[in-house]
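Here is the structure we will look at.
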Amino acid sequence: DLERIERLASPRRERPVRLLRKLFDAAAERPAAGDGGPAGTLPLRGLAAVLAATAPELFAFREWRASVVAGDGPAAGMVIADRRADPSPGSGPYVRFCVDVEAERAIERFVRVMAD
């Protein structure tokens, strides 16, 4: 992914590449995450959330009723989406989920914004 970003970066846009290289280098040394993520991974959920809020045209969204599992057990704290055609109102309120992204355009936008 970093190589793809480097191809987009002109000399003026070295800042986002340096930032991402630091993040990826730090991730390579990261132990396995407590959230089940493998060692060496770098979750970019925050970045994706900001991009989705500022450039929603880059994302595909779906709405499903959803709730958070309370209590103990392996699913505790998970968000469960009711994707049935006719969900029960007891499944929770409707929540908007991002299900896809135009990755190349999202990376281009990130580089463009960070370079300015």
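Chain lettering (A, B, ...) mirrors the order of the structure tokens, residue numbering begins at 1 for each chain separately, and ligand numbering begins at 1 in order of display.
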Next on the checklist: If we count only C-alpha atoms and set the cut-off at 6 Å, which residues sit around Ala60 in chain A, ignoring sequence neighbours fewer than 6 positions away in its own chain? Please answer as a PyMOL selection string.
Outcome noted: chain A and resi 98-100
Once you have the residues from the selection above, write them out as a PDB file, in the first residue's frame, restricted to N, CA, C and O atoms.
```pdb
ATOM      1  N   CYS A  98     -20.273   1.394   6.713  1.00  0.00           N
ATOM      2  CA  CYS A  98     -19.478   1.498   5.498  1.00  0.00           C
ATOM      3  C   CYS A  98     -19.154   0.071   5.056  1.00  0.00           C
ATOM      4  O   CYS A  98     -18.635  -0.722   5.844  1.00  0.00           O
ATOM      5  N   VAL A  99     -19.475  -0.262   3.824  1.00  0.00           N
ATOM      6  CA  VAL A  99     -19.249  -1.625   3.342  1.00  0.00           C
ATOM      7  C   VAL A  99     -18.225  -1.710   2.222  1.00  0.00           C
ATOM      8  O   VAL A  99     -17.781  -2.801   1.878  1.00  0.00           O
ATOM      9  N   ASP A 100     -17.835  -0.570   1.664  1.00  0.00           N
ATOM     10  CA  ASP A 100     -16.842  -0.590   0.593  1.00  0.00           C
ATOM     11  C   ASP A 100     -16.265   0.809   0.431  1.00  0.00           C
ATOM     12  O   ASP A 100     -16.868   1.795   0.860  1.00  0.00           O
TER      13      ASP A 100
END
```
Each residue of range 80-115 of chain A lying at most 12 Å from range 53-57 of chain A should get a row with its shortest atom-to-atom pair and the distance in Å to one decimal, counting only C-alpha atoms; could you produce that, ordered by chain and increasing number, as CSV?
```
residue,atom,partner,partner_atom,distance
A:Arg96,CA,A:Ala53,CA,11.9
A:Phe97,CA,A:Pro56,CA,11.9
A:Cys98,CA,A:Pro56,CA,9.6
A:Val99,CA,A:Pro56,CA,12.0
A:Asp100,CA,A:Pro56,CA,11.0
A:Val101,CA,A:Glu57,CA,9.0
A:Glu102,CA,A:Glu57,CA,8.9
A:Ala103,CA,A:Glu57,CA,11.8
A:Arg105,CA,A:Glu57,CA,10.0
A:Ala106,CA,A:Ala55,CA,8.4
A:Ile107,CA,A:Ala55,CA,11.6
A:Glu108,CA,A:Ala55,CA,11.7
A:Arg109,CA,A:Ala55,CA,8.7
A:Phe110,CA,A:Ala55,CA,10.3
A:Val113,CA,A:Thr54,CA,11.1
```
Next on the checklist: Taking 4 positions as the minimum chain separation for residues in the same chain, which residues sit within 10 Å of Val69 in chain A when counting only C-alpha atoms? Answer as a VMD selection string.
Outcome noted: chain A and resid 73 to 80
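Distance annotation: of A:Phe59, A:Leu19, A:Ser67, A:Asp25, the residue with the minimal separation from Pro93 in chain A is A:Ser67; atom set is only C-alpha atoms.
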